[in-house]
Amino acid sequence: MVHEWALAEALVEYLKNHMKSINGKYVEKLVVGLGKLQSIDREIFSFALTELLKQEGVVVNNIEFVDEDILFKCRRCGYTWRMNLDELDEWIKESIHFVPEAVHSFIKCPRCGSRDFEVVKGRGVRILEIVIK
Ligand SMILES: [Zn+2]
């Protein structure tokens, strides 16, 4: 899928600029959190990331991936809850993969029924740990 490539590209772009700004030589360790909300394919993402790093000449010695659970917080009543994406239909997961905001059309607060909630955790890709030499 194309989406994993776009996410990997954004991450590599960030790394490149970050390395430049602090004069880093290489990345010794990188831990990347993959939010479950967007059902990111780990194999495709990992492949894309490796390829793009090579293309951009960014050396990363160790890459680790960690799945990040989904956590929502209701803006109306303050309730927080976790969700297992497997409870949703395939087509809904597909929609959310490409447009995370779509989650608001399919899910509501289990306590007050509001669709006004935020995604506290589990969205997109983020760096959990980075060691630069
Ligand atoms: Zn609520």
# chains A, B, ... in the order shown; residues from 1 in each chain; ligands from 1
$ residues_around --residues "Ser21 (chain A)" --least-positions-apart "6" --cutoff "12 Å" --atoms "only C-alpha atoms" --output "number ranges by chain"
A: 14-15, 132
$ residues_near_ligand --ligand "ligand 1" --cutoff "6 Å" --atoms "only C-alpha atoms and all ligand atoms" --output "list in words"
Cys74, Arg76, Cys77, Gly78, Tyr79, Cys109, Arg111, Cys112, Gly113 and Ser114 of chain A
$ select_by_dssp --residues "region 10-84 of chain A" --states "strand (DSSP E)" --output "list in words"
Val27, Glu28, Lys29, Leu30, Val31, Val32, Gly33, Leu34, Gly35, Val60, Asn61, Asn62, Ile63, Glu64, Phe65, Val66, Asp67, Glu68, Ile70, Leu71, Phe72, Lys73, Cys74, Thr80, Trp81, Arg82 and Met83 of chain A
$ closest_residue --among "A:Lys121, A:Leu88, A:Ala102, A:Lys73" --to "Lys36 (chain A)" --atoms "only C-alpha atoms"
A:Lys121
$ residues_around --residues "Leu49 (chain A)" --least-positions-apart "5" --cutoff "10 Å" --atoms "only C-alpha atoms" --output "ChimeraX atom specification"
/A:4-12,43-44,54-55,63
$ write_last_selection --atoms "C-alpha atoms" --output "mmCIF file, in the first residue's frame"
data_model
loop_
_atom_site.group_PDB
_atom_site.id
_atom_site.type_symbol
_atom_site.label_atom_id
_atom_site.label_comp_id
_atom_site.auth_asym_id
_atom_site.auth_seq_id
_atom_site.Cartn_x
_atom_site.Cartn_y
_atom_site.Cartn_z
ATOM 1 C CA GLU A 4 2.992 3.099 4.495
ATOM 2 C CA TRP A 5 5.420 4.710 2.056
ATOM 3 C CA ALA A 6 4.037 8.172 2.787
ATOM 4 C CA LEU A 7 4.415 7.609 6.526
ATOM 5 C CA ALA A 8 7.963 6.277 6.093
ATOM 6 C CA GLU A 9 8.827 9.227 3.879
ATOM 7 C CA ALA A 10 7.678 11.730 6.500
ATOM 8 C CA LEU A 11 9.738 9.956 9.157
ATOM 9 C CA VAL A 12 12.895 9.885 7.014
ATOM 10 C CA GLU A 43 6.505 -5.372 6.874
ATOM 11 C CA ILE A 44 5.693 -2.820 4.195
ATOM 12 C CA LYS A 54 19.347 4.155 2.089
ATOM 13 C CA GLN A 55 18.260 6.604 -0.607
ATOM 14 C CA ILE A 63 15.436 -0.174 14.223
#
$ atom_distance --atom1 "CA of Glu94 (chain A)" --atom2 "CA of Glu13 (chain A)"
25.7 Å
$ residues_around --residues "Ile96 (chain A)" --least-positions-apart "3" --cutoff "12 Å" --atoms "only C-alpha atoms" --output "PyMOL selection string"
chain A and resi 3+35-40+85+88-93+99-107+122-124
$ closest_residue --among "A:Asp41, A:Val125, A:Asp86, A:Trp81" --to "Pro110 (chain A)" --atoms "only C-alpha atoms"
A:Trp81
$ decode --residues "region 76-90 of chain A" --atoms "N, CA and C atoms" --output "compact mmCIF listing (two decimals), in the first residue's frame"
# COMPACT_ATOMS: atom_id res chain seq x y z
N ARG A 76 -16.36 15.65 25.79
CA ARG A 76 -17.54 16.13 26.48
C ARG A 76 -17.54 15.70 27.94
N CYS A 77 -17.31 14.40 28.20
CA CYS A 77 -17.41 13.94 29.59
C CYS A 77 -16.07 13.53 30.19
N GLY A 78 -15.00 13.54 29.36
CA GLY A 78 -13.68 13.25 29.89
C GLY A 78 -13.34 11.78 30.03
N TYR A 79 -14.27 10.92 29.64
CA TYR A 79 -14.06 9.48 29.74
C TYR A 79 -12.93 9.04 28.80
N THR A 80 -12.05 8.14 29.26
CA THR A 80 -11.04 7.58 28.36
C THR A 80 -11.29 6.10 28.18
N TRP A 81 -11.07 5.63 26.97
CA TRP A 81 -11.27 4.20 26.73
C TRP A 81 -10.34 3.69 25.65
N ARG A 82 -10.07 2.38 25.73
CA ARG A 82 -9.23 1.72 24.74
C ARG A 82 -10.12 1.01 23.75
N MET A 83 -9.58 0.76 22.58
CA MET A 83 -10.40 0.05 21.62
C MET A 83 -9.58 -0.98 20.88
N ASN A 84 -10.23 -2.09 20.63
CA ASN A 84 -9.62 -3.12 19.82
C ASN A 84 -10.18 -2.99 18.40
N LEU A 85 -9.31 -2.70 17.47
CA LEU A 85 -9.76 -2.44 16.11
C LEU A 85 -10.39 -3.67 15.45
N ASP A 86 -10.05 -4.83 15.98
CA ASP A 86 -10.59 -6.05 15.38
C ASP A 86 -12.11 -6.16 15.51
N GLU A 87 -12.66 -5.34 16.40
CA GLU A 87 -14.12 -5.36 16.55
C GLU A 87 -14.81 -4.70 15.36
N LEU A 88 -14.06 -3.98 14.55
CA LEU A 88 -14.66 -3.26 13.44
C LEU A 88 -14.62 -4.07 12.14
N ASP A 89 -15.51 -3.74 11.22
CA ASP A 89 -15.53 -4.39 9.92
C ASP A 89 -14.30 -4.00 9.11
N GLU A 90 -13.93 -4.87 8.18
CA GLU A 90 -12.76 -4.63 7.33
C GLU A 90 -12.81 -3.27 6.62
